[in-house]
Amino acid sequence: MPEFSFDALRRYPDVEAENLFAVDASDRLILDEAAAHLASAGTGEVVVIGDHYGALTLGAIAQHDATAVRVHQDPLSGELALAHNATTTGLEGEHTNHELGEELLSGARVVLMQLPRSLAALDEIAGAIARFAHPEVTVIGGGRLKHMSIAMNEVYARHFGDVRASLGRQKSRVIISRLPAPGDSTYPAREFHDDLGLWVCAHGAAFASTKLDIGTRYLLGFLREMKPDAVTAVDLGCGTGILASALARARPGLAILATDESAAAVASARATALANDLPFTVVRDDALSTQPDGCADLVLLNPPFHVGSAVHPGVALKLFEEAARVLKPGGELWTVFNSHLSYRAALTRAVGATRQVGRNAKFTVTVSTR
């Protein structure tokens with residue numbers, strides 16, 4: 001086994017900056033707390049969920065001799081970063097990626113987790129572990145104290161008979177859960193929105209769950225103005241697929257592609273399309289990396305302004321550049337964003353002439369023409 005160092009890990013291809021890191025104290029604490037369990041685990045009995053950039057997976061392999069590790073990461077950027085870090089550390093071929101479900105968890109005796117922020121995401125994950133893992137599974141889930149709450153213990157207690165928290169270390173803590181109590185899944189959740197005439201479906205980790213976030217609601221008010229002669233459109237960062245659904249309902253002849261890097265978002269958007277009998281395509285993608293240049297007449301975007309817990313424009317800027325690349329000449333990018341972010345200059349640089357078409361107390365809507 002090659003010599004392993006956490007310092008060698010990178011976030012690439014995710015946003016990289018001096019204040020953004022590929023590993024933190026919670027990764028080290030989870031691995032330390034799991035050491036005895038990892039030592040007794042057999043081939044294929046270790047599962048890692050929510051690994052940010054590979055620290056848990058590669059640490060388990062290199063430091064604790066875990067073999068045939070199965071991994072689930074919601075963001076595609078995390079999968080790509082893990083693959084990159086596995087190659088650079090000489091540990092490629094030691095893990096496999098899976099969707100959240102039986103293939104990931106069947107027979108698992110040790111599950112290492114970076115705890116999600118969303119309690120709904122934790123509920124869906126804990127339920128899946130209880131349903132599919134070995135009856136003697138031990139789950140070691142950790143995170144930074146500032147992102148943890150007592151409610152996480154309560155969520156685990158719905159699915160496990162024995163739940164306890166460790167002592168804190170370096171502003172991190174783990175929750176150890178045993179004795180799974182299997183039950184039926186309640187995901188994806190679904191809700192009918194009378195004002196939209198649409199069902200919205202959501203898995204636990206999907207942003208805004210089944211609700212309509214206020215930025216998307218504001219952007220929907222401009223739907224009729226968006227490039228009337230468009231033949232092809234993209235809902236970039238589609239979340240639960242509300243924009244794609246509304247556009248498909250308003251323009252039945254439009255070919256619509258919805259993309260997101262989140263596995264939960266993609267599954268949610270597909271469920272939303274199915275629930276409303278709408279024919280748009282949903283793809284899990286790192287921005288629009290699998291799409292050719294100049295393939296779209298119209299792109300809709302409600303970009304995030306966080307990278308993890310840090311306020312950082314990197315993701316939005318990447319999405320602007322990708323939208324510009326896939327737009328045909330004369331194509332339009334319609335963007336909604338928190339007004340204080342002042343993205344107009346960045347949109348002009350990345351895409352082309354940008355004008356404000358709407359502004360309220362919180363949000364600005366712009367259209368940029370390629």
# chains A, B, ... in the order shown; residues from 1 in each chain; ligands from 1
$ closest_atom_pairs --of "segment 117-171 of chain A" --to "segment 69-75 of chain A" --cutoff "12 Å" --atoms "only C-alpha atoms" --output "CSV"
residue,atom,partner,partner_atom,distance
A:Ala121,CA,A:Asp74,CA,10.2
A:Ile125,CA,A:His72,CA,10.2
A:Ala128,CA,A:His72,CA,12.0
A:Ile129,CA,A:His72,CA,11.9
$ write_last_selection --atoms "C-alpha atoms" --output "short mmCIF file (atom, residue, chain, number, x, y, z; two decimals), in the first residue's frame"
data_model
loop_
_atom_site.label_atom_id
_atom_site.label_comp_id
_atom_site.auth_asym_id
_atom_site.auth_seq_id
_atom_site.Cartn_x
_atom_site.Cartn_y
_atom_site.Cartn_z
CA ALA A 121 -31.47 13.77 3.97
CA ILE A 125 -30.06 7.77 4.51
CA ALA A 128 -31.93 3.03 3.88
CA ILE A 129 -29.12 1.78 6.12
#
$ select_by_dssp --residues "segment 228-260 of chain A" --states "strand (DSSP E or B)" --output "MDAnalysis selection string"
chainID A and resid 232:236 255:260
$ residues_around --residues "Arg131 of chain A" --least-positions-apart "2" --cutoff "10 Å" --atoms "only C-alpha atoms" --output "list of chain:residue names"
A:Gly101, A:Glu102, A:Leu105, A:Ser106, A:Ile125, A:Ala126, A:Gly127, A:Ala128, A:Ile129, A:Ala133, A:His134, A:Pro135, A:His159, A:Pro180, A:Ala181, A:Pro182, A:Gly183, A:Asp184, A:Ser185
$ residues_around --residues "Glu94 of chain A" --least-positions-apart "4" --cutoff "12 Å" --atoms "only C-alpha atoms" --output "short mmCIF file (atom, residue, chain, number, x, y, z; two decimals) with all heavy atoms, in the first residue's frame"
data_model
loop_
_atom_site.label_atom_id
_atom_site.label_comp_id
_atom_site.auth_asym_id
_atom_site.auth_seq_id
_atom_site.Cartn_x
_atom_site.Cartn_y
_atom_site.Cartn_z
N MET A 1 0.85 -1.20 0.00
CA MET A 1 0.00 0.00 0.00
C MET A 1 0.89 1.25 0.00
O MET A 1 1.80 1.37 0.82
CB MET A 1 -0.89 0.00 1.24
CG MET A 1 -1.93 1.10 1.28
SD MET A 1 -3.30 0.83 0.12
CE MET A 1 -4.11 -0.59 0.86
N THR A 43 -14.13 -8.11 3.49
CA THR A 43 -14.16 -7.53 2.14
C THR A 43 -15.58 -7.15 1.76
O THR A 43 -16.51 -7.95 1.90
CB THR A 43 -13.61 -8.55 1.12
OG1 THR A 43 -12.25 -8.84 1.44
CG2 THR A 43 -13.69 -7.99 -0.29
N GLY A 44 -15.76 -5.90 1.32
CA GLY A 44 -17.06 -5.43 0.88
C GLY A 44 -18.02 -5.09 2.00
O GLY A 44 -19.19 -4.80 1.72
N VAL A 46 -17.58 -2.55 4.22
CA VAL A 46 -17.46 -1.14 4.60
C VAL A 46 -18.13 -0.27 3.54
O VAL A 46 -17.87 -0.41 2.34
CB VAL A 46 -15.99 -0.72 4.76
CG1 VAL A 46 -15.88 0.78 5.07
CG2 VAL A 46 -15.32 -1.53 5.86
N GLY A 54 -13.08 12.42 -0.56
CA GLY A 54 -12.34 11.16 -0.54
C GLY A 54 -11.58 10.86 0.73
O GLY A 54 -11.00 9.77 0.84
N THR A 57 -13.07 7.62 2.51
CA THR A 57 -12.89 6.41 1.71
C THR A 57 -11.41 6.03 1.64
O THR A 57 -11.04 4.88 1.93
CB THR A 57 -13.44 6.62 0.29
OG1 THR A 57 -14.81 7.01 0.38
CG2 THR A 57 -13.31 5.36 -0.54
N LEU A 58 -10.58 6.96 1.25
CA LEU A 58 -9.16 6.66 1.07
C LEU A 58 -8.47 6.45 2.40
O LEU A 58 -7.54 5.64 2.51
CB LEU A 58 -8.50 7.77 0.27
CG LEU A 58 -9.11 7.99 -1.13
CD1 LEU A 58 -8.42 9.14 -1.85
CD2 LEU A 58 -9.05 6.72 -1.96
N GLY A 59 -8.91 7.17 3.45
CA GLY A 59 -8.36 6.94 4.78
C GLY A 59 -8.69 5.54 5.28
O GLY A 59 -7.85 4.86 5.88
N ALA A 60 -9.93 5.09 5.05
CA ALA A 60 -10.31 3.74 5.46
C ALA A 60 -9.49 2.68 4.73
O ALA A 60 -9.08 1.67 5.31
CB ALA A 60 -11.80 3.52 5.22
N ILE A 61 -9.24 2.92 3.45
CA ILE A 61 -8.47 1.96 2.65
C ILE A 61 -6.99 1.97 3.05
O ILE A 61 -6.40 0.91 3.31
CB ILE A 61 -8.63 2.29 1.15
CG1 ILE A 61 -10.07 2.06 0.70
CG2 ILE A 61 -7.65 1.47 0.31
CD1 ILE A 61 -10.40 2.65 -0.65
N ALA A 62 -6.40 3.15 3.10
CA ALA A 62 -4.95 3.26 3.32
C ALA A 62 -4.54 3.04 4.77
O ALA A 62 -3.50 2.44 5.05
CB ALA A 62 -4.45 4.62 2.84
N ASP A 65 -6.98 -0.66 6.05
CA ASP A 65 -7.02 -1.85 5.20
C ASP A 65 -8.43 -2.28 4.77
O ASP A 65 -8.69 -3.48 4.56
CB ASP A 65 -6.32 -3.03 5.90
CG ASP A 65 -4.86 -2.75 6.19
OD1 ASP A 65 -4.20 -2.13 5.34
OD2 ASP A 65 -4.37 -3.14 7.27
N ALA A 66 -9.34 -1.33 4.66
CA ALA A 66 -10.66 -1.65 4.15
C ALA A 66 -10.55 -2.05 2.68
O ALA A 66 -9.76 -1.48 1.92
CB ALA A 66 -11.59 -0.45 4.29
N THR A 67 -11.35 -3.02 2.28
CA THR A 67 -11.28 -3.53 0.90
C THR A 67 -12.66 -3.51 0.27
O THR A 67 -13.68 -3.71 0.93
CB THR A 67 -10.73 -4.97 0.88
OG1 THR A 67 -11.49 -5.78 1.77
CG2 THR A 67 -9.26 -4.99 1.30
N ALA A 68 -12.67 -3.30 -1.07
CA ALA A 68 -13.92 -3.26 -1.84
C ALA A 68 -14.94 -2.34 -1.18
O ALA A 68 -16.08 -2.73 -0.91
CB ALA A 68 -14.49 -4.67 -2.01
N VAL A 69 -14.53 -1.12 -0.93
CA VAL A 69 -15.38 -0.14 -0.24
C VAL A 69 -16.44 0.40 -1.20
O VAL A 69 -16.12 0.82 -2.32
CB VAL A 69 -14.52 1.02 0.31
CG1 VAL A 69 -15.41 2.07 0.98
CG2 VAL A 69 -13.49 0.49 1.30
N ARG A 70 -17.68 0.38 -0.77
CA ARG A 70 -18.79 0.95 -1.54
C ARG A 70 -19.08 2.36 -1.06
O ARG A 70 -19.08 2.62 0.15
CB ARG A 70 -20.03 0.07 -1.41
CG ARG A 70 -19.92 -1.25 -2.14
CD ARG A 70 -21.10 -2.16 -1.82
NE ARG A 70 -20.96 -2.79 -0.52
CZ ARG A 70 -21.92 -3.50 0.08
NH1 ARG A 70 -23.10 -3.64 -0.52
NH2 ARG A 70 -21.71 -4.05 1.26
N VAL A 71 -19.32 3.27 -2.01
CA VAL A 71 -19.41 4.70 -1.69
C VAL A 71 -20.65 5.31 -2.33
O VAL A 71 -20.97 5.01 -3.48
CB VAL A 71 -18.16 5.45 -2.19
CG1 VAL A 71 -18.22 6.93 -1.78
CG2 VAL A 71 -16.88 4.80 -1.65
N LEU A 82 -13.03 12.26 -5.53
CA LEU A 82 -12.56 10.99 -4.96
C LEU A 82 -11.78 10.19 -6.00
O LEU A 82 -10.70 9.66 -5.70
CB LEU A 82 -13.76 10.19 -4.45
CG LEU A 82 -13.50 8.73 -4.04
CD1 LEU A 82 -12.37 8.63 -3.03
CD2 LEU A 82 -14.78 8.10 -3.51
N ALA A 83 -12.30 10.12 -7.22
CA ALA A 83 -11.59 9.39 -8.27
C ALA A 83 -10.22 9.99 -8.54
O ALA A 83 -9.22 9.27 -8.69
CB ALA A 83 -12.43 9.37 -9.54
N ASN A 85 -8.40 11.87 -6.47
CA ASN A 85 -7.52 11.67 -5.32
C ASN A 85 -7.08 10.21 -5.20
O ASN A 85 -5.95 9.93 -4.78
CB ASN A 85 -8.22 12.12 -4.04
CG ASN A 85 -8.29 13.64 -3.93
OD1 ASN A 85 -7.36 14.34 -4.33
ND2 ASN A 85 -9.38 14.16 -3.40
N ALA A 86 -7.95 9.27 -5.57
CA ALA A 86 -7.57 7.86 -5.55
C ALA A 86 -6.42 7.60 -6.52
O ALA A 86 -5.48 6.86 -6.22
CB ALA A 86 -8.77 6.99 -5.90
N THR A 87 -6.50 8.24 -7.69
CA THR A 87 -5.43 8.06 -8.68
C THR A 87 -4.12 8.67 -8.21
O THR A 87 -3.06 8.04 -8.30
CB THR A 87 -5.86 8.69 -10.01
OG1 THR A 87 -7.03 8.02 -10.50
CG2 THR A 87 -4.76 8.56 -11.06
N THR A 89 -3.07 9.23 -5.26
CA THR A 89 -2.50 8.57 -4.08
C THR A 89 -2.23 7.09 -4.32
O THR A 89 -1.82 6.37 -3.40
CB THR A 89 -3.44 8.72 -2.87
OG1 THR A 89 -4.73 8.18 -3.20
CG2 THR A 89 -3.58 10.16 -2.45
N GLY A 90 -2.45 6.62 -5.54
CA GLY A 90 -2.18 5.23 -5.87
C GLY A 90 -3.20 4.25 -5.31
O GLY A 90 -2.90 3.07 -5.14
#
$ residues_around --residues "Leu236 of chain A" --least-positions-apart "5" --cutoff "9 Å" --atoms "only C-alpha atoms" --output "mmCIF file with N, CA, C and O atoms, in the first residue's frame"
data_model
loop_
_atom_site.group_PDB
_atom_site.id
_atom_site.type_symbol
_atom_site.label_atom_id
_atom_site.label_comp_id
_atom_site.auth_asym_id
_atom_site.auth_seq_id
_atom_site.Cartn_x
_atom_site.Cartn_y
_atom_site.Cartn_z
ATOM 1 N N LEU A 257 -33.834 19.906 -21.343
ATOM 2 C CA LEU A 257 -32.883 19.105 -20.592
ATOM 3 C C LEU A 257 -32.723 19.727 -19.211
ATOM 4 O O LEU A 257 -32.465 20.924 -19.088
ATOM 5 N N ALA A 258 -32.891 18.927 -18.166
ATOM 6 C CA ALA A 258 -32.665 19.383 -16.793
ATOM 7 C C ALA A 258 -31.417 18.696 -16.262
ATOM 8 O O ALA A 258 -31.286 17.469 -16.369
ATOM 9 N N THR A 259 -30.478 19.465 -15.710
ATOM 10 C CA THR A 259 -29.240 18.877 -15.201
ATOM 11 C C THR A 259 -28.959 19.359 -13.787
ATOM 12 O O THR A 259 -29.285 20.491 -13.421
ATOM 13 N N ASP A 260 -28.325 18.493 -13.022
ATOM 14 C CA ASP A 260 -27.881 18.846 -11.672
ATOM 15 C C ASP A 260 -26.772 17.878 -11.294
ATOM 16 O O ASP A 260 -26.751 16.737 -11.761
ATOM 17 N N ALA A 287 -22.011 20.527 -13.912
ATOM 18 C CA ALA A 287 -22.461 21.675 -14.712
ATOM 19 C C ALA A 287 -23.065 21.125 -16.010
ATOM 20 O O ALA A 287 -24.057 20.408 -15.967
ATOM 21 N N LEU A 288 -22.439 21.407 -17.171
ATOM 22 C CA LEU A 288 -22.939 20.889 -18.452
ATOM 23 C C LEU A 288 -21.824 20.170 -19.205
ATOM 24 O O LEU A 288 -21.752 20.211 -20.431
ATOM 25 N N VAL A 299 -31.284 28.932 -21.561
ATOM 26 C CA VAL A 299 -30.847 28.316 -20.304
ATOM 27 C C VAL A 299 -31.475 29.083 -19.152
ATOM 28 O O VAL A 299 -31.452 30.319 -19.140
ATOM 29 N N LEU A 300 -32.033 28.350 -18.190
ATOM 30 C CA LEU A 300 -32.588 28.935 -16.974
ATOM 31 C C LEU A 300 -31.705 28.540 -15.804
ATOM 32 O O LEU A 300 -31.287 27.379 -15.701
ATOM 33 N N LEU A 301 -31.429 29.500 -14.907
ATOM 34 C CA LEU A 301 -30.473 29.233 -13.833
ATOM 35 C C LEU A 301 -30.831 29.999 -12.562
ATOM 36 O O LEU A 301 -30.995 31.213 -12.588
ATOM 37 N N ASN A 302 -30.924 29.271 -11.466
ATOM 38 C CA ASN A 302 -31.029 29.840 -10.123
ATOM 39 C C ASN A 302 -29.805 29.351 -9.368
ATOM 40 O O ASN A 302 -29.841 28.316 -8.711
ATOM 41 N N PRO A 303 -28.663 30.057 -9.468
ATOM 42 C CA PRO A 303 -27.391 29.499 -8.994
ATOM 43 C C PRO A 303 -27.255 29.535 -7.483
ATOM 44 O O PRO A 303 -27.793 30.424 -6.806
ATOM 45 N N LEU A 319 -21.007 27.997 -13.527
ATOM 46 C CA LEU A 319 -22.265 27.761 -14.228
ATOM 47 C C LEU A 319 -22.499 28.807 -15.308
ATOM 48 O O LEU A 319 -23.017 28.489 -16.389
ATOM 49 N N ALA A 323 -22.975 27.820 -19.188
ATOM 50 C CA ALA A 323 -24.158 28.267 -19.933
ATOM 51 C C ALA A 323 -23.736 28.971 -21.214
ATOM 52 O O ALA A 323 -24.321 28.746 -22.285
#
$ closest_residue --among "A:Met226, A:Ala189, A:Val326, A:Val231" --to "Val367 of chain A" --atoms "only C-alpha atoms"
A:Met226
$ closest_residue --among "A:Asp51, A:Glu136, A:Glu124, A:Asp229" --to "Ala202 of chain A" --atoms "only C-alpha atoms"
A:Glu124
$ select_by_dssp --residues "segment 33-99 of chain A" --states "alpha helix (DSSP H)" --output "VMD selection string"
chain A and resid 33 35 to 40 55 to 64 76 to 88
$ write_last_selection --atoms "N, CA, C and O atoms" --output "compact mmCIF listing (two decimals), in the first residue's frame"
# COMPACT_ATOMS: atom_id res chain seq x y z
N GLU A 33 -12.73 6.94 15.43
CA GLU A 33 -13.81 6.29 16.17
C GLU A 33 -14.18 4.94 15.54
O GLU A 33 -14.68 4.03 16.22
N ALA A 35 -12.05 2.88 14.02
CA ALA A 35 -10.87 2.04 13.83
C ALA A 35 -11.11 0.58 14.20
O ALA A 35 -10.79 -0.34 13.42
N ALA A 36 -11.68 0.32 15.37
CA ALA A 36 -11.88 -1.07 15.80
C ALA A 36 -12.88 -1.79 14.90
O ALA A 36 -12.73 -2.98 14.60
N HIS A 37 -13.90 -1.08 14.47
CA HIS A 37 -14.90 -1.68 13.59
C HIS A 37 -14.31 -1.98 12.21
O HIS A 37 -14.59 -3.03 11.62
N LEU A 38 -13.50 -1.07 11.71
CA LEU A 38 -12.86 -1.29 10.42
C LEU A 38 -11.90 -2.47 10.47
O LEU A 38 -11.78 -3.23 9.50
N ALA A 39 -11.23 -2.65 11.60
CA ALA A 39 -10.26 -3.74 11.74
C ALA A 39 -10.93 -5.11 11.62
O ALA A 39 -10.29 -6.08 11.17
N SER A 40 -12.19 -5.20 12.01
CA SER A 40 -12.87 -6.49 11.99
C SER A 40 -13.78 -6.68 10.77
O SER A 40 -14.40 -7.72 10.61
N ALA A 55 -11.57 11.76 1.69
CA ALA A 55 -10.79 11.54 2.91
C ALA A 55 -11.25 10.29 3.66
O ALA A 55 -10.43 9.50 4.14
N LEU A 56 -12.56 10.09 3.80
CA LEU A 56 -13.06 8.93 4.53
C LEU A 56 -12.77 7.64 3.78
O LEU A 56 -12.27 6.67 4.36
N THR A 57 -13.07 7.62 2.51
CA THR A 57 -12.89 6.41 1.71
C THR A 57 -11.41 6.03 1.64
O THR A 57 -11.04 4.88 1.93
N LEU A 58 -10.58 6.96 1.25
CA LEU A 58 -9.16 6.66 1.07
C LEU A 58 -8.47 6.45 2.40
O LEU A 58 -7.54 5.64 2.51
N GLY A 59 -8.91 7.17 3.45
CA GLY A 59 -8.36 6.94 4.78
C GLY A 59 -8.69 5.54 5.28
O GLY A 59 -7.85 4.86 5.88
N ALA A 60 -9.93 5.09 5.05
CA ALA A 60 -10.31 3.74 5.46
C ALA A 60 -9.49 2.68 4.73
O ALA A 60 -9.08 1.67 5.31
N ILE A 61 -9.24 2.92 3.45
CA ILE A 61 -8.47 1.96 2.65
C ILE A 61 -6.99 1.97 3.05
O ILE A 61 -6.40 0.91 3.31
N ALA A 62 -6.40 3.15 3.10
CA ALA A 62 -4.95 3.26 3.32
C ALA A 62 -4.54 3.04 4.77
O ALA A 62 -3.50 2.44 5.05
N GLN A 63 -5.34 3.52 5.70
CA GLN A 63 -4.96 3.47 7.11
C GLN A 63 -5.57 2.28 7.86
O GLN A 63 -5.06 1.90 8.91
N HIS A 64 -6.66 1.72 7.32
CA HIS A 64 -7.36 0.66 8.05
C HIS A 64 -7.60 -0.59 7.21
O HIS A 64 -8.37 -1.47 7.62
N LEU A 76 -21.91 15.04 -7.73
CA LEU A 76 -21.01 14.42 -8.70
C LEU A 76 -19.59 14.95 -8.55
O LEU A 76 -18.62 14.21 -8.75
N SER A 77 -19.44 16.20 -8.15
CA SER A 77 -18.09 16.76 -7.95
C SER A 77 -17.34 15.97 -6.88
O SER A 77 -16.12 15.80 -6.96
N GLY A 78 -18.05 15.46 -5.87
CA GLY A 78 -17.42 14.63 -4.86
C GLY A 78 -16.92 13.33 -5.42
O GLY A 78 -15.81 12.87 -5.11
N GLU A 79 -17.73 12.69 -6.27
CA GLU A 79 -17.31 11.45 -6.94
C GLU A 79 -16.05 11.67 -7.77
O GLU A 79 -15.11 10.88 -7.75
N LEU A 80 -16.07 12.77 -8.54
CA LEU A 80 -14.93 13.05 -9.41
C LEU A 80 -13.68 13.37 -8.60
O LEU A 80 -12.57 12.97 -8.97
N ALA A 81 -13.85 14.10 -7.49
CA ALA A 81 -12.71 14.41 -6.64
C ALA A 81 -12.14 13.15 -6.00
O ALA A 81 -10.91 12.98 -5.92
N LEU A 82 -13.03 12.26 -5.53
CA LEU A 82 -12.56 10.99 -4.96
C LEU A 82 -11.78 10.19 -6.00
O LEU A 82 -10.70 9.66 -5.70
N ALA A 83 -12.30 10.12 -7.22
CA ALA A 83 -11.59 9.39 -8.27
C ALA A 83 -10.22 9.99 -8.54
O ALA A 83 -9.22 9.27 -8.69
N HIS A 84 -10.17 11.33 -8.61
CA HIS A 84 -8.90 12.01 -8.85
C HIS A 84 -7.92 11.75 -7.71
O HIS A 84 -6.74 11.42 -7.94
N ASN A 85 -8.40 11.87 -6.47
CA ASN A 85 -7.52 11.67 -5.32
C ASN A 85 -7.08 10.21 -5.20
O ASN A 85 -5.95 9.93 -4.78
N ALA A 86 -7.95 9.27 -5.57
CA ALA A 86 -7.57 7.86 -5.55
C ALA A 86 -6.42 7.60 -6.52
O ALA A 86 -5.48 6.86 -6.22
N THR A 87 -6.50 8.24 -7.69
CA THR A 87 -5.43 8.06 -8.68
C THR A 87 -4.12 8.67 -8.21
O THR A 87 -3.06 8.04 -8.30
N THR A 88 -4.18 9.90 -7.70
CA THR A 88 -2.93 10.57 -7.31
C THR A 88 -2.29 9.94 -6.08
O THR A 88 -1.08 10.08 -5.89
$ closest_residue --among "A:Arg178, A:Lys227, A:Arg158, A:His52" --to "Val139 of chain A" --atoms "only C-alpha atoms"
A:Arg178
